[in-house]
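Asker: Before anything else, here's the structure in question.
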Amino acid sequence: MIRPAPKAARAALAACAATLATAGGAWAQASCDDVVITEMDWASSAIVTNVAVFLMEQGYGCDVQVVPSSTTPAMVSVAETGRPDIVTEVWPNGNPAYDSLVAEGRIETVADVLSDRSVQGWYLPTSLVDAHPELATLEGILANPGLVGGRLHSCPDGWQCKETTEAIARAAGLPEAGIEVFQHGSGETLAASMASAVEAGEPWLGYYWEPTGLLGKYAMTKVDLGAFDEEAWNCIVDPECPGEEMTSYASTPVVTVVTTTFAEDHPELYELMSNVAFTNAQMGAVLSWQEENAASAEEAAVHFLTEYRDVWPAWLSEDARANLAALID
């Protein structure tokens with residue numbers, strides 16, 4: 001299930017590494033020459049991965065293999081092969097594979113990688129809501145399907161939000177109101193559909209989440225889907241549950257998980273990954289910078305390491321801080 005990532009150029013991170021090499025670090029080689037970490041196929045997770053890889057390689061002297069993945073394939077791979085060692089950004093709510101792997105003692109939740117949890121829901125351009133205030137509520141959308149383009153943009157295969165969005169759409173009665181649930185083939189096309197619609201002044205209704213650079217860039221309004229009902233949500237995310245009652249989305253924890261074998265074999269890295277956490281404001285700012293500068297995930301990681309030197313050094317062991325002193329000072 002693990003596919004080696006292409007050896008794409010890591011120019012920005014290499015420049016940081018060169019700075020450290022020039023400065024001369026007191027390298028304390030860790031026993032970690034075979035660490036596998038995911039780079040999930042959305043922007044915030046890719047940044048988490050690249051920050052973590054840099055710290056492990058340059059701070060702890062590790063050799064880290066990065067593999068592209070998404071939530072479902074990563075969990076299947078852990079179940080079948082015991083790898084990857086680290087899955088950097090998992091939304092556990094409604095993820096049966098995560099629940100079963102935890103119950104079996106195969107994985108551990110090591111950190112809330114978004115320390116103040118996530119926000120998710122259906123969004124509309126604020127300009128559209130300004131023109132038609134009734135669209136700020138689910139009832140207004142159901143009564144005016146044409147104003148939202150008759151379509152709800154949803155997530156690609158492999159993303160848990162595909163299943164929850166389709167279930168909530170059915171519970172809300174979107175098909176009966178004439179609103180199609182349109183599944184995108186990738187996160188990139190979902191994002192592009194929002195961006196092109198907003199810039200063209202066209203209607204758009206779809207699932208999205210925070211923190212993202214896209215919602216930092218464009219003025220979007222989250223639709224009021226009504227109250228959150230935990231029992232209804234638990235049923236929606238359970239494939240065995242026969243009914244679907246209406247609820248808004250949960251504000252979910254977003255976590256990093258590691259295999260229990262990794263936790264036992266690499267205690268220093270386990271401690272590091274237990275400390276790696278971003279606030280929504282921090283991640284949103286980095287994502288906005290990335291989009292504004294058309295930067296890669298590697299460059300966005302360097303931006304974080306450069307701009308938040310008051311944050312990440314506290315994640316490190318004493319030896320790793322010494323190795324990275326040239327970037328901290």
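Just so we're on the same page: first chain in the structure tokens is A, next is B, and so on; residues restart at 1 for each chain, and ligands are numbered from 1 in the order they show up.
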If you count only C-alpha atoms, which residues fall within 6 Å of region 77-87 of chain A, apart from same-chain ones fewer than 6 positions away, as a list in words?

Answerer: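 Counting only the stated atoms, we get Met1, Val36, Ile37, Thr38, Thr256, Val257, Val258, Thr259 and Phe262 of chain A.
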
Asker: If we count only C-alpha atoms and set the cut-off at 7 Å, which residues sit around region 211-220 of chain A, ignoring sequence neighbours fewer than 5 positions away in its own chain? Please answer as an MDAnalysis selection string.

Answerer: chainID A and resid 123:126 280 283:284 287:288 291

Asker: Export all heavy atoms of the chosen residues as a JSON list (two decimals), in the first residue's frame?

Answerer:
```json
[["chain", "number", "residue", "atom", "x", "y", "z"],
["A", 123, "TYR", "N", -20.40, 26.06, 2.51],
["A", 123, "TYR", "CA", -20.06, 27.47, 2.37],
["A", 123, "TYR", "C", -20.63, 28.05, 1.08],
["A", 123, "TYR", "O", -20.78, 27.34, 0.08],
["A", 123, "TYR", "CB", -18.53, 27.66, 2.36],
["A", 123, "TYR", "CG", -17.88, 27.43, 3.70],
["A", 123, "TYR", "CD1", -17.58, 26.15, 4.16],
["A", 123, "TYR", "CD2", -17.57, 28.50, 4.55],
["A", 123, "TYR", "CE1", -16.99, 25.94, 5.39],
["A", 123, "TYR", "CE2", -16.98, 28.30, 5.79],
["A", 123, "TYR", "CZ", -16.69, 27.01, 6.20],
["A", 123, "TYR", "OH", -16.11, 26.81, 7.42],
["A", 124, "LEU", "N", -20.91, 29.36, 1.15],
["A", 124, "LEU", "CA", -21.37, 30.15, 0.01],
["A", 124, "LEU", "C", -20.52, 31.42, -0.07],
["A", 124, "LEU", "O", -20.03, 31.91, 0.95],
["A", 124, "LEU", "CB", -22.83, 30.59, 0.20],
["A", 124, "LEU", "CG", -23.95, 29.57, 0.09],
["A", 124, "LEU", "CD1", -25.21, 30.14, 0.73],
["A", 124, "LEU", "CD2", -24.21, 29.22, -1.36],
["A", 125, "PRO", "N", -20.34, 31.99, -1.27],
["A", 125, "PRO", "CA", -19.68, 33.30, -1.33],
["A", 125, "PRO", "C", -20.48, 34.32, -0.52],
["A", 125, "PRO", "O", -21.71, 34.40, -0.62],
["A", 125, "PRO", "CB", -19.72, 33.63, -2.83],
["A", 125, "PRO", "CG", -19.85, 32.32, -3.52],
["A", 125, "PRO", "CD", -20.68, 31.47, -2.61],
["A", 126, "THR", "N", -19.79, 35.09, 0.28],
["A", 126, "THR", "CA", -20.47, 36.10, 1.11],
["A", 126, "THR", "C", -21.21, 37.11, 0.25],
["A", 126, "THR", "O", -22.28, 37.60, 0.64],
["A", 126, "THR", "CB", -19.44, 36.81, 2.01],
["A", 126, "THR", "OG1", -18.84, 35.83, 2.88],
["A", 126, "THR", "CG2", -20.09, 37.89, 2.86],
["A", 280, "ASN", "N", -5.32, 27.05, 14.50],
["A", 280, "ASN", "CA", -5.98, 27.38, 13.24],
["A", 280, "ASN", "C", -5.44, 28.68, 12.67],
["A", 280, "ASN", "O", -5.26, 28.82, 11.46],
["A", 280, "ASN", "CB", -7.50, 27.47, 13.43],
["A", 280, "ASN", "CG", -8.17, 26.13, 13.38],
["A", 280, "ASN", "OD1", -8.31, 25.53, 12.32],
["A", 280, "ASN", "ND2", -8.58, 25.62, 14.54],
["A", 283, "MET", "N", -1.89, 28.01, 11.14],
["A", 283, "MET", "CA", -1.96, 27.25, 9.89],
["A", 283, "MET", "C", -2.66, 28.06, 8.81],
["A", 283, "MET", "O", -2.24, 28.05, 7.63],
["A", 283, "MET", "CB", -2.69, 25.92, 10.13],
["A", 283, "MET", "CG", -2.76, 25.05, 8.88],
["A", 283, "MET", "SD", -1.14, 24.63, 8.17],
["A", 283, "MET", "CE", -0.59, 23.39, 9.33],
["A", 284, "GLY", "N", -3.71, 28.77, 9.17],
["A", 284, "GLY", "CA", -4.39, 29.59, 8.17],
["A", 284, "GLY", "C", -3.48, 30.65, 7.58],
["A", 284, "GLY", "O", -3.51, 30.92, 6.37],
["A", 287, "LEU", "N", -1.04, 28.92, 5.20],
["A", 287, "LEU", "CA", -1.72, 28.52, 3.99],
["A", 287, "LEU", "C", -2.01, 29.72, 3.08],
["A", 287, "LEU", "O", -1.88, 29.63, 1.85],
["A", 287, "LEU", "CB", -3.02, 27.79, 4.33],
["A", 287, "LEU", "CG", -2.86, 26.41, 4.96],
["A", 287, "LEU", "CD1", -4.18, 25.93, 5.54],
["A", 287, "LEU", "CD2", -2.32, 25.40, 3.95],
["A", 288, "SER", "N", -2.41, 30.84, 3.68],
["A", 288, "SER", "CA", -2.65, 32.05, 2.89],
["A", 288, "SER", "C", -1.36, 32.51, 2.23],
["A", 288, "SER", "O", -1.35, 32.88, 1.04],
["A", 288, "SER", "CB", -3.21, 33.15, 3.78],
["A", 288, "SER", "OG", -4.49, 32.81, 4.26],
["A", 291, "GLU", "N", -0.56, 30.26, -0.77],
["A", 291, "GLU", "CA", -1.35, 30.52, -1.97],
["A", 291, "GLU", "C", -0.96, 31.83, -2.63],
["A", 291, "GLU", "O", -0.86, 31.93, -3.85],
["A", 291, "GLU", "CB", -2.84, 30.49, -1.63],
["A", 291, "GLU", "CG", -3.31, 29.10, -1.24],
["A", 291, "GLU", "CD", -4.82, 29.00, -1.12],
["A", 291, "GLU", "OE1", -5.51, 30.01, -1.38],
["A", 291, "GLU", "OE2", -5.30, 27.91, -0.77]]
```

Asker: Which residues come within 9 Å of Ala167 (chain A), counting only C-alpha atoms, excluding same-chain residues fewer than 6 positions away, as a short mmCIF file (atom, residue, chain, number, x, y, z; two decimals) with N, CA, C and O atoms, in the first residue's frame?

Answerer:
```cif
data_model
loop_
_atom_site.label_atom_id
_atom_site.label_comp_id
_atom_site.auth_asym_id
_atom_site.auth_seq_id
_atom_site.Cartn_x
_atom_site.Cartn_y
_atom_site.Cartn_z
N ILE A 236 -24.85 9.05 11.19
CA ILE A 236 -24.42 9.41 9.84
C ILE A 236 -23.05 8.83 9.51
O ILE A 236 -22.80 8.39 8.39
N VAL A 237 -22.17 8.83 10.49
CA VAL A 237 -20.81 8.37 10.22
C VAL A 237 -20.64 6.87 10.43
O VAL A 237 -19.54 6.34 10.24
N GLU A 244 -30.86 8.18 8.81
CA GLU A 244 -30.10 9.41 8.64
C GLU A 244 -30.97 10.58 9.08
O GLU A 244 -31.93 10.95 8.39
N GLU A 245 -30.65 11.15 10.25
CA GLU A 245 -31.34 12.31 10.74
C GLU A 245 -30.47 13.54 10.51
O GLU A 245 -29.24 13.46 10.50
N MET A 246 -31.10 14.69 10.40
CA MET A 246 -30.38 15.91 10.08
C MET A 246 -29.57 16.41 11.27
O MET A 246 -30.01 16.38 12.42
#
```

Asker: At a cut-off of 7 Å, using only C-alpha atoms, what residues contact region 93-102 of chain A? Leave out same-chain residues fewer than 2 positions from it and give the result as a list in words.

Answerer: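 Contacts, in chain order: Met75, Trp91, Glu104, Gly105, Arg106, Ile107, Glu108, Gln160, Val237, Asp238 and Thr252 of chain A.
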
Asker: Can I get the selection written as a CSV table (one decimal), in the first residue's frame, with N, CA and C atoms?

Answerer:
```
chain,number,residue,atom,x,y,z
A,75,MET,N,-4.9,4.3,6.3
A,75,MET,CA,-5.4,3.4,7.4
A,75,MET,C,-5.4,2.0,6.9
A,91,TRP,N,-8.7,13.0,10.5
A,91,TRP,CA,-9.9,13.5,11.2
A,91,TRP,C,-10.6,12.2,11.6
A,104,GLU,N,-7.7,-2.1,18.3
A,104,GLU,CA,-6.8,-3.3,18.2
A,104,GLU,C,-5.4,-3.0,18.8
A,105,GLY,N,-5.2,-1.8,19.2
A,105,GLY,CA,-3.9,-1.4,19.7
A,105,GLY,C,-2.8,-1.3,18.7
A,106,ARG,N,-3.2,-1.0,17.4
A,106,ARG,CA,-2.3,-0.9,16.3
A,106,ARG,C,-1.7,0.5,16.1
A,107,ILE,N,-2.5,1.5,16.5
A,107,ILE,CA,-2.1,2.9,16.4
A,107,ILE,C,-2.4,3.7,17.7
A,108,GLU,N,-1.7,4.8,17.9
A,108,GLU,CA,-1.9,5.7,19.0
A,108,GLU,C,-2.1,7.1,18.5
A,160,GLN,N,-13.1,11.3,4.1
A,160,GLN,CA,-14.3,11.0,4.9
A,160,GLN,C,-15.5,11.9,4.7
A,237,VAL,N,-22.2,8.8,10.5
A,237,VAL,CA,-20.8,8.4,10.2
A,237,VAL,C,-20.6,6.9,10.4
A,238,ASP,N,-21.7,6.2,10.8
A,238,ASP,CA,-21.7,4.7,11.0
A,238,ASP,C,-22.3,4.0,9.8
A,252,THR,N,-14.5,18.8,14.7
A,252,THR,CA,-13.8,17.5,15.0
A,252,THR,C,-12.4,17.8,15.5
```

Asker: Neighbouring residues of region 187-190 of chain A were defined as those with any atom within 8 Å, considering only C-alpha atoms; residues of the same chain fewer than 3 positions away were excluded. Please report them as a list of chain:residue names.

Answerer: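 Within the cut-off, the hits are A:Asp41, A:Trp42, A:His153, A:Ser154, A:Cys155, A:Pro156, A:His184, A:Ser193, A:Met194.
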
Asker: Of the residues A:Gly173, A:Pro133, A:Pro253, A:Gly226, which is the one nearest to Ser118 (chain A), using only C-alpha atoms?

Answerer: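 Answer, going by the shortest atom-to-atom distance: A:Pro253.
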
Asker: A:Thr260, A:Ser115, A:Ser186, A:Ser317: which is nearest Ala281 (chain A), counting only C-alpha atoms?

Answerer: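 Smallest separation from Ala281 (chain A) among the options: A:Ser115.
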
Asker: Please run DSSP on the backbone and report, as number ranges by chain, all residues within region 52-260 of chain A that come out as strand (DSSP E or B).

Answerer: A: 64-69, 86-90, 107-112, 114, 119-125, 137, 151-154, 180-183, 206-210, 220-222, 224, 255-259

Asker: Hey, can you check how far CA of Ser251 (chain A) sits from CA of Ile168 (chain A)?

Answerer: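 These two atoms are separated by 14.9 Å.
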
Asker: Extract, using only C-alpha atoms, all DNA, RNA and protein residues at most 12 Å from Val255 (chain A), discarding same-chain residues fewer than 4 positions from it, and format them as an MDAnalysis selection string.

Answerer: chainID A and resid 45 48 71 86:93 98 107:118 273:278

Asker: Mind pulling up the distance from CA of Val181 (chain A) to CA of Leu138 (chain A)?

Answerer: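 Going from CA of Leu138 (chain A) over to CA of Val181 (chain A), I get 14.8 Å.
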
Asker: Residues within 10 Å of Ser296 (chain A), please, as an NGL selection string. Count only C-alpha atoms; anything in the same chain fewer than 3 positions from it doesn't count.

Answerer: :A and (10 or 12 or 43 or 46-47 or 290-291 or 293 or 299-302)

Asker: When DSSP works through the backbone of this structure, what residues of region 58-299 of chain A end up as helix (DSSP H, G or I), shown as a PyMOL selection string?

Answerer: chain A and resi 58-60+71-81+96-103+126-131+133-136+138-143+145-148+160-172+187-200+213-217+230-236+260-265+267-275+280-292+297-299
